[in-house]
$ cat upload09.cif   # mmCIF, C-alpha atoms and all ligand atoms
data_work
#
loop_
_atom_site.group_PDB
_atom_site.id
_atom_site.type_symbol
_atom_site.label_atom_id
_atom_site.label_comp_id
_atom_site.auth_asym_id
_atom_site.auth_seq_id
_atom_site.Cartn_x
_atom_site.Cartn_y
_atom_site.Cartn_z
ATOM 1 C CA MET U 1 159.207 132.907 37.605
ATOM 2 C CA THR U 2 160.065 131.235 34.306
ATOM 3 C CA THR U 3 157.452 129.121 32.522
ATOM 4 C CA LEU U 4 159.251 125.932 33.606
ATOM 5 C CA GLU U 5 159.246 127.088 37.233
ATOM 6 C CA GLN U 6 155.523 127.840 36.977
ATOM 7 C CA LEU U 7 154.906 124.411 35.444
ATOM 8 C CA TYR U 8 156.888 122.752 38.253
ATOM 9 C CA GLN U 9 154.707 124.549 40.811
ATOM 10 C CA ALA U 10 151.447 123.810 38.944
ATOM 11 C CA VAL U 11 152.185 120.065 39.058
ATOM 12 C CA ILE U 12 153.014 120.175 42.769
ATOM 13 C CA ASP U 13 149.795 122.125 43.403
ATOM 14 C CA GLY U 14 147.804 119.685 41.247
ATOM 15 C CA LYS U 15 146.543 122.430 38.907
ATOM 16 C CA ASN U 16 145.949 120.291 35.845
ATOM 17 C CA LYS U 17 144.564 122.977 33.501
ATOM 18 C CA ASP U 18 147.470 125.287 34.358
ATOM 19 C CA ALA U 19 149.923 122.426 33.893
ATOM 20 C CA ARG U 20 148.575 121.752 30.412
ATOM 21 C CA ALA U 21 148.598 125.436 29.449
ATOM 22 C CA LEU U 22 152.092 125.985 30.847
ATOM 23 C CA ALA U 23 153.483 122.927 29.034
ATOM 24 C CA GLN U 24 152.023 124.353 25.818
ATOM 25 C CA ARG U 25 153.456 127.800 26.599
ATOM 26 C CA ALA U 26 156.903 126.313 27.244
ATOM 27 C CA LEU U 27 156.751 124.603 23.844
ATOM 28 C CA ASP U 28 155.572 127.850 22.196
ATOM 29 C CA GLU U 29 158.522 129.647 23.793
ATOM 30 C CA GLY U 30 160.821 127.135 22.107
ATOM 31 C CA ALA U 31 161.657 124.844 25.034
ATOM 32 C CA ASN U 32 162.801 121.349 24.150
ATOM 33 C CA PRO U 33 160.057 118.831 25.160
ATOM 34 C CA GLY U 34 162.658 116.549 26.793
ATOM 35 C CA ASP U 35 163.923 119.487 28.879
ATOM 36 C CA ILE U 36 160.375 120.301 29.969
ATOM 37 C CA VAL U 37 160.056 116.735 31.302
ATOM 38 C CA ASP U 38 163.517 116.692 32.900
ATOM 39 C CA LYS U 39 163.536 120.232 34.328
ATOM 40 C CA ALA U 40 159.908 120.655 35.421
ATOM 41 C CA LEU U 41 157.821 117.453 35.520
ATOM 42 C CA VAL U 42 160.319 114.935 36.935
ATOM 43 C CA PRO U 43 161.584 117.321 39.673
ATOM 44 C CA ALA U 44 157.958 118.235 40.534
ATOM 45 C CA MET U 45 156.985 114.586 41.027
ATOM 46 C CA ALA U 46 160.198 114.010 43.013
ATOM 47 C CA ALA U 47 159.225 116.927 45.293
ATOM 48 C CA VAL U 48 155.702 115.501 45.630
ATOM 49 C CA GLY U 49 157.228 112.133 46.557
ATOM 50 C CA GLU U 50 159.412 113.728 49.240
ATOM 51 C CA ARG U 51 156.418 115.532 50.772
ATOM 52 C CA PHE U 52 154.426 112.284 50.730
ATOM 53 C CA LYS U 53 157.286 110.450 52.441
ATOM 54 C CA SER U 54 157.501 113.061 55.187
ATOM 55 C CA ASN U 55 153.684 113.049 55.675
ATOM 56 C CA GLU U 56 153.332 116.673 54.550
ATOM 57 C CA ILE U 57 150.818 115.485 51.928
ATOM 58 C CA PHE U 58 148.724 112.326 51.543
ATOM 59 C CA VAL U 59 147.347 110.037 48.813
ATOM 60 C CA PRO U 60 144.719 112.500 47.426
ATOM 61 C CA GLU U 61 147.260 115.317 46.925
ATOM 62 C CA MET U 62 149.640 112.880 45.286
ATOM 63 C CA LEU U 63 146.956 111.665 42.877
ATOM 64 C CA VAL U 64 146.004 115.250 42.012
ATOM 65 C CA ALA U 65 149.654 116.074 41.269
ATOM 66 C CA ALA U 66 149.884 112.928 39.137
ATOM 67 C CA ARG U 67 146.837 114.045 37.172
ATOM 68 C CA ALA U 68 148.452 117.442 36.534
ATOM 69 C CA MET U 69 151.617 115.725 35.338
ATOM 70 C CA LYS U 70 149.518 113.560 33.013
ATOM 71 C CA GLU U 71 147.818 116.648 31.549
ATOM 72 C CA ALA U 72 151.182 118.246 30.814
ATOM 73 C CA MET U 73 152.449 114.977 29.334
ATOM 74 C CA GLY U 74 149.410 114.932 27.016
ATOM 75 C CA VAL U 75 150.759 118.099 25.390
ATOM 76 C CA LEU U 76 154.371 116.921 25.342
ATOM 77 C CA GLU U 77 154.003 113.298 24.266
ATOM 78 C CA PRO U 78 153.316 113.889 20.543
ATOM 79 C CA ARG U 79 156.373 116.171 20.425
ATOM 80 C CA LEU U 80 158.525 113.675 22.332
ATOM 81 C CA VAL U 81 157.483 110.873 19.995
ATOM 82 C CA ALA U 82 158.090 113.050 16.907
ATOM 83 C CA ALA U 83 161.568 113.896 18.247
ATOM 84 C CA GLY U 84 162.264 110.216 18.926
ATOM 85 C CA ILE U 85 162.625 110.933 22.663
ATOM 86 C CA THR U 86 161.332 107.987 24.656
ATOM 87 C CA PRO U 87 161.992 107.038 28.273
ATOM 88 C CA LYS U 88 165.297 105.251 28.682
ATOM 89 C CA TYR U 89 163.912 102.541 30.958
ATOM 90 C CA THR U 90 160.844 100.293 30.849
ATOM 91 C CA ALA U 91 159.151 98.825 33.903
ATOM 92 C CA LEU U 92 156.342 96.338 34.405
ATOM 93 C CA ILE U 93 154.203 96.448 37.501
ATOM 94 C CA GLY U 94 151.335 94.431 38.939
ATOM 95 C CA THR U 95 149.687 93.212 42.120
ATOM 96 C CA VAL U 96 150.243 89.500 42.582
ATOM 97 C CA GLN U 97 147.678 86.759 42.096
ATOM 98 C CA GLY U 98 144.815 86.656 44.583
ATOM 99 C CA ASP U 99 145.253 90.300 45.567
ATOM 100 C CA LEU U 100 142.888 93.002 44.329
ATOM 101 C CA HIS U 101 144.483 95.973 46.123
ATOM 102 C CA ASP U 102 145.816 98.375 43.539
ATOM 103 C CA ILE U 103 145.898 101.872 45.062
ATOM 104 C CA GLY U 104 149.493 101.619 46.326
ATOM 105 C CA LYS U 105 150.624 99.871 43.143
ATOM 106 C CA ASN U 106 149.059 102.672 41.081
ATOM 107 C CA LEU U 107 150.936 105.273 43.126
ATOM 108 C CA VAL U 108 154.206 103.453 42.534
ATOM 109 C CA ALA U 109 153.419 103.397 38.792
ATOM 110 C CA VAL U 110 152.752 107.153 38.910
ATOM 111 C CA MET U 111 156.062 107.834 40.632
ATOM 112 C CA TRP U 112 157.925 105.621 38.174
ATOM 113 C CA ARG U 113 156.330 107.511 35.272
ATOM 114 C CA GLY U 114 157.262 110.728 37.055
ATOM 115 C CA SER U 115 160.858 109.475 37.060
ATOM 116 C CA ASN U 116 160.641 109.076 33.295
ATOM 117 C CA PHE U 117 160.112 105.326 33.114
ATOM 118 C CA ARG U 118 157.800 103.784 30.521
ATOM 119 C CA VAL U 119 155.470 101.787 32.764
ATOM 120 C CA ILE U 120 153.346 98.853 31.641
ATOM 121 C CA ASP U 121 150.724 98.201 34.285
ATOM 122 C CA LEU U 122 149.468 94.601 34.335
ATOM 123 C CA GLY U 123 146.779 95.452 36.902
ATOM 124 C CA SER U 124 145.895 93.437 39.975
ATOM 125 C CA ASN U 125 145.405 89.703 40.626
ATOM 126 C CA VAL U 126 148.193 88.952 38.141
ATOM 127 C CA PRO U 127 149.307 85.298 37.861
ATOM 128 C CA ALA U 128 153.042 84.518 37.814
ATOM 129 C CA THR U 129 152.695 83.190 34.254
ATOM 130 C CA LYS U 130 151.379 86.572 33.093
ATOM 131 C CA PHE U 131 154.401 88.369 34.598
ATOM 132 C CA VAL U 132 156.689 85.896 32.823
ATOM 133 C CA SER U 133 155.023 86.283 29.428
ATOM 134 C CA ALA U 134 154.941 90.092 29.779
ATOM 135 C CA ILE U 135 158.679 90.132 30.604
ATOM 136 C CA ASN U 136 159.370 88.052 27.509
ATOM 137 C CA GLU U 137 157.204 90.340 25.397
ATOM 138 C CA HIS U 138 158.326 93.772 26.663
ATOM 139 C CA ARG U 139 161.865 93.002 27.935
ATOM 140 C CA PRO U 140 161.626 95.549 30.779
ATOM 141 C CA HIS U 141 164.572 96.685 32.899
ATOM 142 C CA LEU U 142 162.499 96.401 36.060
ATOM 143 C CA VAL U 143 159.489 94.473 37.293
ATOM 144 C CA GLY U 144 157.533 95.539 40.356
ATOM 145 C CA LEU U 145 155.381 93.207 42.450
ATOM 146 C CA SER U 146 152.898 94.554 44.968
ATOM 147 C CA ALA U 147 151.040 92.623 47.690
ATOM 148 C CA LEU U 148 148.777 93.975 50.429
ATOM 149 C CA LEU U 149 147.623 90.750 52.052
ATOM 150 C CA THR U 150 149.674 88.419 54.202
ATOM 151 C CA THR U 151 147.777 85.643 52.397
ATOM 152 C CA THR U 152 149.165 86.739 49.021
ATOM 153 C CA MET U 153 152.794 86.950 50.132
ATOM 154 C CA PRO U 154 153.273 83.307 48.971
ATOM 155 C CA ALA U 155 152.084 84.388 45.497
ATOM 156 C CA MET U 156 154.906 86.942 45.534
ATOM 157 C CA VAL U 157 157.400 84.186 46.414
ATOM 158 C CA GLU U 158 155.966 82.073 43.590
ATOM 159 C CA THR U 159 156.153 84.973 41.109
ATOM 160 C CA VAL U 160 159.800 85.767 41.889
ATOM 161 C CA ARG U 161 160.630 82.080 41.577
ATOM 162 C CA ALA U 162 158.767 81.801 38.247
ATOM 163 C CA ILE U 163 160.557 84.854 36.804
ATOM 164 C CA ARG U 164 163.975 83.598 37.949
ATOM 165 C CA SER U 165 163.468 80.055 36.674
ATOM 166 C CA ALA U 166 161.719 80.788 33.364
ATOM 167 C CA GLY U 167 164.861 81.893 31.529
ATOM 168 C CA CYS U 168 163.444 85.412 31.129
ATOM 169 C CA PRO U 169 165.670 88.228 29.826
ATOM 170 C CA PRO U 170 167.634 89.742 32.763
ATOM 171 C CA VAL U 171 165.372 91.959 34.852
ATOM 172 C CA LYS U 172 165.555 93.605 38.262
ATOM 173 C CA ILE U 173 162.718 92.702 40.610
ATOM 174 C CA MET U 174 161.332 95.125 43.204
ATOM 175 C CA VAL U 175 158.749 94.113 45.781
ATOM 176 C CA GLY U 176 156.574 96.208 48.061
ATOM 177 C CA GLY U 177 153.268 96.584 49.837
ATOM 178 C CA ALA U 178 152.144 96.960 53.435
ATOM 179 C CA PRO U 179 153.154 93.463 54.708
ATOM 180 C CA ILE U 180 156.450 93.389 52.756
ATOM 181 C CA SER U 181 159.820 94.159 54.361
ATOM 182 C CA GLN U 182 163.450 94.304 53.324
ATOM 183 C CA GLN U 183 163.959 91.000 55.118
ATOM 184 C CA PHE U 184 161.176 89.365 53.073
ATOM 185 C CA ALA U 185 162.618 90.833 49.862
ATOM 186 C CA ASP U 186 166.008 89.330 50.716
ATOM 187 C CA GLU U 187 164.456 85.965 51.548
ATOM 188 C CA VAL U 188 162.574 85.720 48.227
ATOM 189 C CA GLY U 189 165.590 86.844 46.203
ATOM 190 C CA ALA U 190 164.188 90.182 45.007
ATOM 191 C CA ASP U 191 166.703 92.860 44.000
ATOM 192 C CA GLY U 192 164.985 95.616 45.900
ATOM 193 C CA PHE U 193 162.277 96.681 48.301
ATOM 194 C CA ALA U 194 160.692 100.074 48.911
ATOM 195 C CA PRO U 195 158.346 101.003 51.746
ATOM 196 C CA ASP U 196 156.461 103.708 49.815
ATOM 197 C CA ALA U 197 155.943 105.122 46.342
ATOM 198 C CA ALA U 198 158.514 107.906 46.641
ATOM 199 C CA SER U 199 161.236 105.512 47.805
ATOM 200 C CA ALA U 200 160.143 103.122 45.031
ATOM 201 C CA ALA U 201 161.058 105.780 42.456
ATOM 202 C CA GLU U 202 164.504 106.357 44.004
ATOM 203 C CA LYS U 203 165.102 102.623 44.313
ATOM 204 C CA ALA U 204 163.984 101.989 40.728
ATOM 205 C CA ARG U 205 166.553 104.400 39.323
ATOM 206 C CA ALA U 206 169.267 102.988 41.542
ATOM 207 C CA LEU U 207 168.472 99.424 40.431
ATOM 208 C CA VAL U 208 168.372 100.097 36.685
ATOM 209 C CA GLU U 209 171.397 102.399 36.756
ATOM 210 C CA SER U 210 173.453 99.778 38.596
ATOM 211 C CA ALA U 211 172.558 97.036 36.089
HETATM 212 CO CO1 LIG U 301 141.634 95.419 51.963
HETATM 213 N N1 LIG U 301 142.762 94.788 53.417
HETATM 214 N N2 LIG U 301 140.835 93.603 51.812
HETATM 215 N N3 LIG U 301 140.501 96.191 50.604
HETATM 216 N N4 LIG U 301 142.292 97.071 52.510
HETATM 217 C C1 LIG U 301 143.727 95.741 53.961
HETATM 218 C C2 LIG U 301 145.059 95.652 53.231
HETATM 219 C C3 LIG U 301 143.804 95.291 55.475
HETATM 220 C C4 LIG U 301 145.121 95.670 56.171
HETATM 221 C C5 LIG U 301 142.570 95.848 56.236
HETATM 222 C C6 LIG U 301 142.518 95.390 57.683
HETATM 223 O O1 LIG U 301 142.115 94.299 57.955
HETATM 224 N N5 LIG U 301 142.945 96.241 58.601
HETATM 225 C C7 LIG U 301 143.562 93.745 55.353
HETATM 226 C C8 LIG U 301 144.818 92.901 55.158
HETATM 227 C C9 LIG U 301 145.197 92.144 56.405
HETATM 228 C C10 LIG U 301 146.418 91.347 56.159
HETATM 229 O O2 LIG U 301 146.520 90.589 55.255
HETATM 230 N N6 LIG U 301 147.384 91.551 57.042
HETATM 231 C C11 LIG U 301 142.643 93.695 54.158
HETATM 232 C C12 LIG U 301 141.762 92.616 53.874
HETATM 233 C C13 LIG U 301 141.750 91.495 54.907
HETATM 234 C C14 LIG U 301 140.947 92.575 52.733
HETATM 235 C C15 LIG U 301 139.960 91.470 52.335
HETATM 236 C C16 LIG U 301 140.441 90.040 52.539
HETATM 237 C C17 LIG U 301 138.668 91.765 53.100
HETATM 238 C C18 LIG U 301 137.589 90.728 52.911
HETATM 239 O O3 LIG U 301 137.047 90.626 51.848
HETATM 240 N N7 LIG U 301 137.378 89.988 53.969
HETATM 241 C C19 LIG U 301 139.710 91.783 50.840
HETATM 242 C C20 LIG U 301 140.722 91.038 49.955
HETATM 243 C C21 LIG U 301 140.376 91.189 48.503
HETATM 244 C C22 LIG U 301 141.515 90.668 47.665
HETATM 245 O O4 LIG U 301 142.464 91.396 47.449
HETATM 246 N N8 LIG U 301 141.417 89.438 47.228
HETATM 247 C C23 LIG U 301 139.991 93.251 50.795
HETATM 248 C C24 LIG U 301 139.412 94.112 49.893
HETATM 249 C C25 LIG U 301 139.627 95.479 49.819
HETATM 250 C C26 LIG U 301 138.892 96.412 48.884
HETATM 251 C C27 LIG U 301 138.623 95.806 47.505
HETATM 252 C C28 LIG U 301 137.573 96.769 49.537
HETATM 253 C C29 LIG U 301 139.817 97.682 48.887
HETATM 254 C C30 LIG U 301 140.873 97.700 47.759
HETATM 255 C C31 LIG U 301 140.497 98.654 46.659
HETATM 256 C C32 LIG U 301 141.638 98.821 45.700
HETATM 257 O O5 LIG U 301 142.808 98.727 46.012
HETATM 258 N N9 LIG U 301 141.250 99.107 44.461
HETATM 259 C C33 LIG U 301 140.571 97.498 50.205
HETATM 260 C C34 LIG U 301 141.270 98.526 50.875
HETATM 261 C C35 LIG U 301 141.103 99.927 50.298
HETATM 262 C C36 LIG U 301 142.065 98.296 52.006
HETATM 263 C C37 LIG U 301 142.780 99.326 52.914
HETATM 264 C C38 LIG U 301 141.671 100.013 53.724
HETATM 265 C C39 LIG U 301 143.610 100.382 52.236
HETATM 266 C C40 LIG U 301 144.701 99.836 51.309
HETATM 267 C C41 LIG U 301 145.294 101.005 50.539
HETATM 268 O O6 LIG U 301 144.941 101.249 49.420
HETATM 269 N N10 LIG U 301 146.154 101.799 51.222
HETATM 270 C C42 LIG U 301 143.706 98.395 53.807
HETATM 271 C C43 LIG U 301 143.787 98.852 55.268
HETATM 272 C C44 LIG U 301 144.773 99.968 55.453
HETATM 273 O O7 LIG U 301 145.859 99.963 54.860
HETATM 274 N N11 LIG U 301 144.410 100.910 56.240
HETATM 275 C C45 LIG U 301 143.171 97.054 53.538
HETATM 276 C C46 LIG U 301 146.697 103.033 50.652
HETATM 277 C C47 LIG U 301 147.911 102.724 49.778
HETATM 278 C C48 LIG U 301 148.484 104.025 49.233
HETATM 279 O O8 LIG U 301 148.887 102.129 50.599
HETATM 280 O O9 LIG U 301 148.658 99.934 49.398
HETATM 281 O O10 LIG U 301 150.153 100.156 51.458
HETATM 282 P P1 LIG U 301 149.578 100.734 50.228
HETATM 283 O O11 LIG U 301 150.766 101.157 49.258
HETATM 284 C C49 LIG U 301 151.886 101.890 49.689
HETATM 285 C C50 LIG U 301 153.052 101.008 50.161
HETATM 286 O O12 LIG U 301 152.639 99.759 50.673
HETATM 287 C C51 LIG U 301 153.951 100.933 48.981
HETATM 288 O O13 LIG U 301 153.769 102.176 48.327
HETATM 289 C C52 LIG U 301 152.407 102.561 48.433
HETATM 290 C C53 LIG U 301 152.309 104.062 48.430
HETATM 291 O O14 LIG U 301 153.164 104.667 49.346
HETATM 292 N N12 LIG U 301 153.797 99.894 47.964
HETATM 293 C C54 LIG U 301 154.870 99.535 47.201
HETATM 294 C C55 LIG U 301 152.721 99.231 47.511
HETATM 295 N N13 LIG U 301 153.052 98.425 46.508
HETATM 296 C C56 LIG U 301 154.367 98.603 46.279
HETATM 297 C C57 LIG U 301 155.224 98.038 45.321
HETATM 298 C C58 LIG U 301 156.566 98.429 45.322
HETATM 299 C C59 LIG U 301 157.054 99.340 46.267
HETATM 300 C C60 LIG U 301 156.216 99.915 47.201
HETATM 301 O O15 LIG U 301 157.485 97.961 44.458
HETATM 302 C C61 LIG U 301 157.049 97.260 43.333
#

$ encode --input "upload09.cif" --output "structure tokens" --more "lines below"
Ligand code: B1M
Amino acid sequence: MTTLEQLYQAVIDGKNKDARALAQRALDEGANPGDIVDKALVPAMAAVGERFKSNEIFVPEMLVAARAMKEAMGVLEPRLVAAGITPKYTALIGTVQGDLHDIGKNLVAVMWRGSNFRVIDLGSNVPATKFVSAINEHRPHLVGLSALLTTTMPAMVETVRAIRSAGCPPVKIMVGGAPISQQFADEVGADGFAPDAASAAEKARALVESA
């Protein structure tokens, strides 16, 4: 197996020390840091997402793989920055006001990072006004809203409305969370919905690439 193939497998297996060492070895062997991301880390997280979607693995395995990816990125990031290679797309994400659930939102953020997005995580219990000011500040391509409570679905409606009416720079809006459906996304005027973190990564790319 090549070093990149070993790195791909180490991320899937959640072996964070190996992932770090293999990323360093790939650099030492002369691999381009952008290629290491594109040919090993992004495909590994995509494979993890597919296994999660088909219930072959569950949240803990996904988080362990994400940690391994983060370790490898720790080695690559200084080289990527030095080479002026930054992710092409920026995304904001947060759980809407009144809602403290953040595990699913964090997984979506992981999968977006694994798809080579720069992700700014606003956390949970985020008021609509904070989404609006963050969009104005960071000018993301995509904003993701998560809600886990039926009682916070109105806050999602309010947040989409605030973003659309505040004269923000153009941005795609994706919504998700256990009580959210495609029908609800259509009703609130979101651009996209995803039922899980792996689909959220696929949907994110489709939305920003179609813009
Ligand atoms: Co809460 N809770 N909780 N809780 N909690 C639920 C959601 C609930 C279904 C439990 C139940 O009653 N059976 C229920 C909601 C009922 C409803 O509204 N229909 C509930 C309740 C009622 C509450 C409280 C009100 C309880 C109380 O205090 N009386 C309270 C509310 C607090 C608040 O938010 N204001 C509360 C509190 C909590 C804890 C703080 C204890 C804790 C949260 C800890 C944390 O997140 N840091 C908690 C937890 C852990 C849960 C359960 C057990 C698990 C949620 C979770 O993390 N799932 C949950 C019951 C359950 O689901 N079994 C429950 C795992 C996670 C990976 O899945 O978040 O669905 P999920 O994310 C998925 C998808 O939904 C999707 O991708 C993710 C990964 O595949 N997704 C997106 C999520 N966001 C997305 C965004 C996208 C796209 C996809 O695009 C942007």

$ atom_distance --input "upload09.cif" --atom1 "atom N1 of ligand LIG 301 (chain U)" --atom2 "CA of Glu61 in chain U"
22.0 Å

$ resolve_selection --input "upload09.cif" --expression "the PyMOL selection byres (((chain U and resi 76) around 9) and not hetatm)" --output "PDB file with C-alpha atoms, keeping the file's coordinate frame"
ATOM      1  CA  ALA U  23     153.483 122.927  29.034  1.00  0.00           C
ATOM      2  CA  GLN U  24     152.023 124.353  25.818  1.00  0.00           C
ATOM      3  CA  LEU U  27     156.751 124.603  23.844  1.00  0.00           C
ATOM      4  CA  PRO U  33     160.057 118.831  25.160  1.00  0.00           C
ATOM      5  CA  GLY U  34     162.658 116.549  26.793  1.00  0.00           C
ATOM      6  CA  ILE U  36     160.375 120.301  29.969  1.00  0.00           C
ATOM      7  CA  VAL U  37     160.056 116.735  31.302  1.00  0.00           C
ATOM      8  CA  ALA U  72     151.182 118.246  30.814  1.00  0.00           C
ATOM      9  CA  MET U  73     152.449 114.977  29.334  1.00  0.00           C
ATOM     10  CA  GLY U  74     149.410 114.932  27.016  1.00  0.00           C
ATOM     11  CA  VAL U  75     150.759 118.099  25.390  1.00  0.00           C
ATOM     12  CA  GLU U  77     154.003 113.298  24.266  1.00  0.00           C
ATOM     13  CA  PRO U  78     153.316 113.889  20.543  1.00  0.00           C
ATOM     14  CA  ARG U  79     156.373 116.171  20.425  1.00  0.00           C
ATOM     15  CA  LEU U  80     158.525 113.675  22.332  1.00  0.00           C
ATOM     16  CA  VAL U  81     157.483 110.873  19.995  1.00  0.00           C
TER      17      VAL U  81
END

$ closest_residue --input "upload09.cif" --among "U:Val96, U:Ile85, U:Val175, U:Leu63" --to "ligand LIG 301 (chain U)" --atoms "all atoms listed in the file"
U:Val175

$ atom_distance --input "upload09.cif" --atom1 "CA of Leu149 in chain U" --atom2 "CA of Met45 in chain U"
27.9 Å

$ axis_aligned_box --input "upload09.cif" --around "ligand LIG 301 (chain U)" --padding-each-side "6 Å" --output "AutoDock Vina command-line options"
--center_x 147.3 --center_y 97.1 --center_z 51.0 --size_x 32.4 --size_y 27.2 --size_z 27.3

$ residues_near_ligand --input "upload09.cif" --ligand "ligand LIG 301 (chain U)" --cutoff "6 Å" --atoms "only C-alpha atoms and all ligand atoms" --output "list in words"
Gly98, Asp99, Leu100, His101, Asp102, Ile103, Gly104, Lys105, Leu107, Val108, Gly144, Leu145, Ser146, Leu148, Leu149, Thr150, Thr151, Met174, Val175, Gly176, Gly177, Ala178, Ala194, Pro195, Asp196, Ala197 and Ala200 of chain U

$ residues_around --input "upload09.cif" --residues "Met62 in chain U" --least-positions-apart "6" --cutoff "12 Å" --atoms "all atoms listed in the file" --output "NGL selection string"
:U and (11-15 or 44-53 or 55-56 or 68-69 or 103-104 or 106-108 or 110-111 or 114 or 197-198)

$ atom_distance --input "upload09.cif" --atom1 "CA of Pro170 in chain U" --atom2 "CA of Arg113 in chain U"
21.2 Å

$ closest_residue --input "upload09.cif" --among "U:Thr90, U:Lys130, U:Phe58, U:Val143" --to "Arg118 in chain U" --atoms "all atoms listed in the file"
U:Thr90

$ closest_residue --input "upload09.cif" --among "U:Val64, U:Ala82, U:Val126, U:Val208" --to "His141 in chain U" --atoms "only C-alpha atoms"
U:Val208

$ build_atoms --input "upload09.cif" --residues "range 33-47 of chain U" --atoms "N, CA, C and O atoms" --output "PDB file, in the coordinates of the input"
ATOM      1  N   PRO U  33     161.008 119.618  24.356  1.00  0.00           N
ATOM      2  CA  PRO U  33     160.057 118.831  25.160  1.00  0.00           C
ATOM      3  C   PRO U  33     160.743 117.929  26.192  1.00  0.00           C
ATOM      4  O   PRO U  33     160.243 117.757  27.306  1.00  0.00           O
ATOM      5  N   GLY U  34     161.925 117.389  25.837  1.00  0.00           N
ATOM      6  CA  GLY U  34     162.658 116.549  26.793  1.00  0.00           C
ATOM      7  C   GLY U  34     163.101 117.352  28.009  1.00  0.00           C
ATOM      8  O   GLY U  34     163.046 116.884  29.149  1.00  0.00           O
ATOM      9  N   ASP U  35     163.506 118.623  27.756  1.00  0.00           N
ATOM     10  CA  ASP U  35     163.923 119.487  28.879  1.00  0.00           C
ATOM     11  C   ASP U  35     162.741 119.828  29.779  1.00  0.00           C
ATOM     12  O   ASP U  35     162.901 119.970  30.990  1.00  0.00           O
ATOM     13  N   ILE U  36     161.560 119.971  29.154  1.00  0.00           N
ATOM     14  CA  ILE U  36     160.375 120.301  29.969  1.00  0.00           C
ATOM     15  C   ILE U  36     160.108 119.141  30.943  1.00  0.00           C
ATOM     16  O   ILE U  36     159.817 119.358  32.115  1.00  0.00           O
ATOM     17  N   VAL U  37     160.250 117.916  30.435  1.00  0.00           N
ATOM     18  CA  VAL U  37     160.056 116.735  31.302  1.00  0.00           C
ATOM     19  C   VAL U  37     161.130 116.716  32.383  1.00  0.00           C
ATOM     20  O   VAL U  37     160.834 116.616  33.580  1.00  0.00           O
ATOM     21  N   ASP U  38     162.395 116.858  31.955  1.00  0.00           N
ATOM     22  CA  ASP U  38     163.517 116.692  32.900  1.00  0.00           C
ATOM     23  C   ASP U  38     163.638 117.838  33.901  1.00  0.00           C
ATOM     24  O   ASP U  38     164.067 117.627  35.032  1.00  0.00           O
ATOM     25  N   LYS U  39     163.294 119.066  33.457  1.00  0.00           N
ATOM     26  CA  LYS U  39     163.536 120.232  34.328  1.00  0.00           C
ATOM     27  C   LYS U  39     162.303 120.688  35.102  1.00  0.00           C
ATOM     28  O   LYS U  39     162.428 121.469  36.029  1.00  0.00           O
ATOM     29  N   ALA U  40     161.115 120.230  34.685  1.00  0.00           N
ATOM     30  CA  ALA U  40     159.908 120.655  35.421  1.00  0.00           C
ATOM     31  C   ALA U  40     159.120 119.460  35.961  1.00  0.00           C
ATOM     32  O   ALA U  40     158.867 119.374  37.158  1.00  0.00           O
ATOM     33  N   LEU U  41     158.748 118.506  35.072  1.00  0.00           N
ATOM     34  CA  LEU U  41     157.821 117.453  35.520  1.00  0.00           C
ATOM     35  C   LEU U  41     158.485 116.441  36.454  1.00  0.00           C
ATOM     36  O   LEU U  41     157.935 116.123  37.519  1.00  0.00           O
ATOM     37  N   VAL U  42     159.657 115.935  36.080  1.00  0.00           N
ATOM     38  CA  VAL U  42     160.319 114.935  36.935  1.00  0.00           C
ATOM     39  C   VAL U  42     160.673 115.535  38.303  1.00  0.00           C
ATOM     40  O   VAL U  42     160.348 114.939  39.342  1.00  0.00           O
ATOM     41  N   PRO U  43     161.303 116.746  38.347  1.00  0.00           N
ATOM     42  CA  PRO U  43     161.584 117.321  39.673  1.00  0.00           C
ATOM     43  C   PRO U  43     160.306 117.596  40.479  1.00  0.00           C
ATOM     44  O   PRO U  43     160.309 117.445  41.703  1.00  0.00           O
ATOM     45  N   ALA U  44     159.205 117.974  39.794  1.00  0.00           N
ATOM     46  CA  ALA U  44     157.958 118.235  40.534  1.00  0.00           C
ATOM     47  C   ALA U  44     157.462 116.952  41.188  1.00  0.00           C
ATOM     48  O   ALA U  44     157.091 116.947  42.370  1.00  0.00           O
ATOM     49  N   MET U  45     157.465 115.841  40.432  1.00  0.00           N
ATOM     50  CA  MET U  45     156.985 114.586  41.027  1.00  0.00           C
ATOM     51  C   MET U  45     157.951 114.099  42.111  1.00  0.00           C
ATOM     52  O   MET U  45     157.514 113.489  43.095  1.00  0.00           O
ATOM     53  N   ALA U  46     159.241 114.381  41.955  1.00  0.00           N
ATOM     54  CA  ALA U  46     160.198 114.010  43.013  1.00  0.00           C
ATOM     55  C   ALA U  46     159.886 114.794  44.289  1.00  0.00           C
ATOM     56  O   ALA U  46     159.899 114.251  45.400  1.00  0.00           O
ATOM     57  N   ALA U  47     159.563 116.094  44.120  1.00  0.00           N
ATOM     58  CA  ALA U  47     159.225 116.927  45.293  1.00  0.00           C
ATOM     59  C   ALA U  47     157.935 116.430  45.946  1.00  0.00           C
ATOM     60  O   ALA U  47     157.834 116.366  47.177  1.00  0.00           O
TER      61      ALA U  47
END
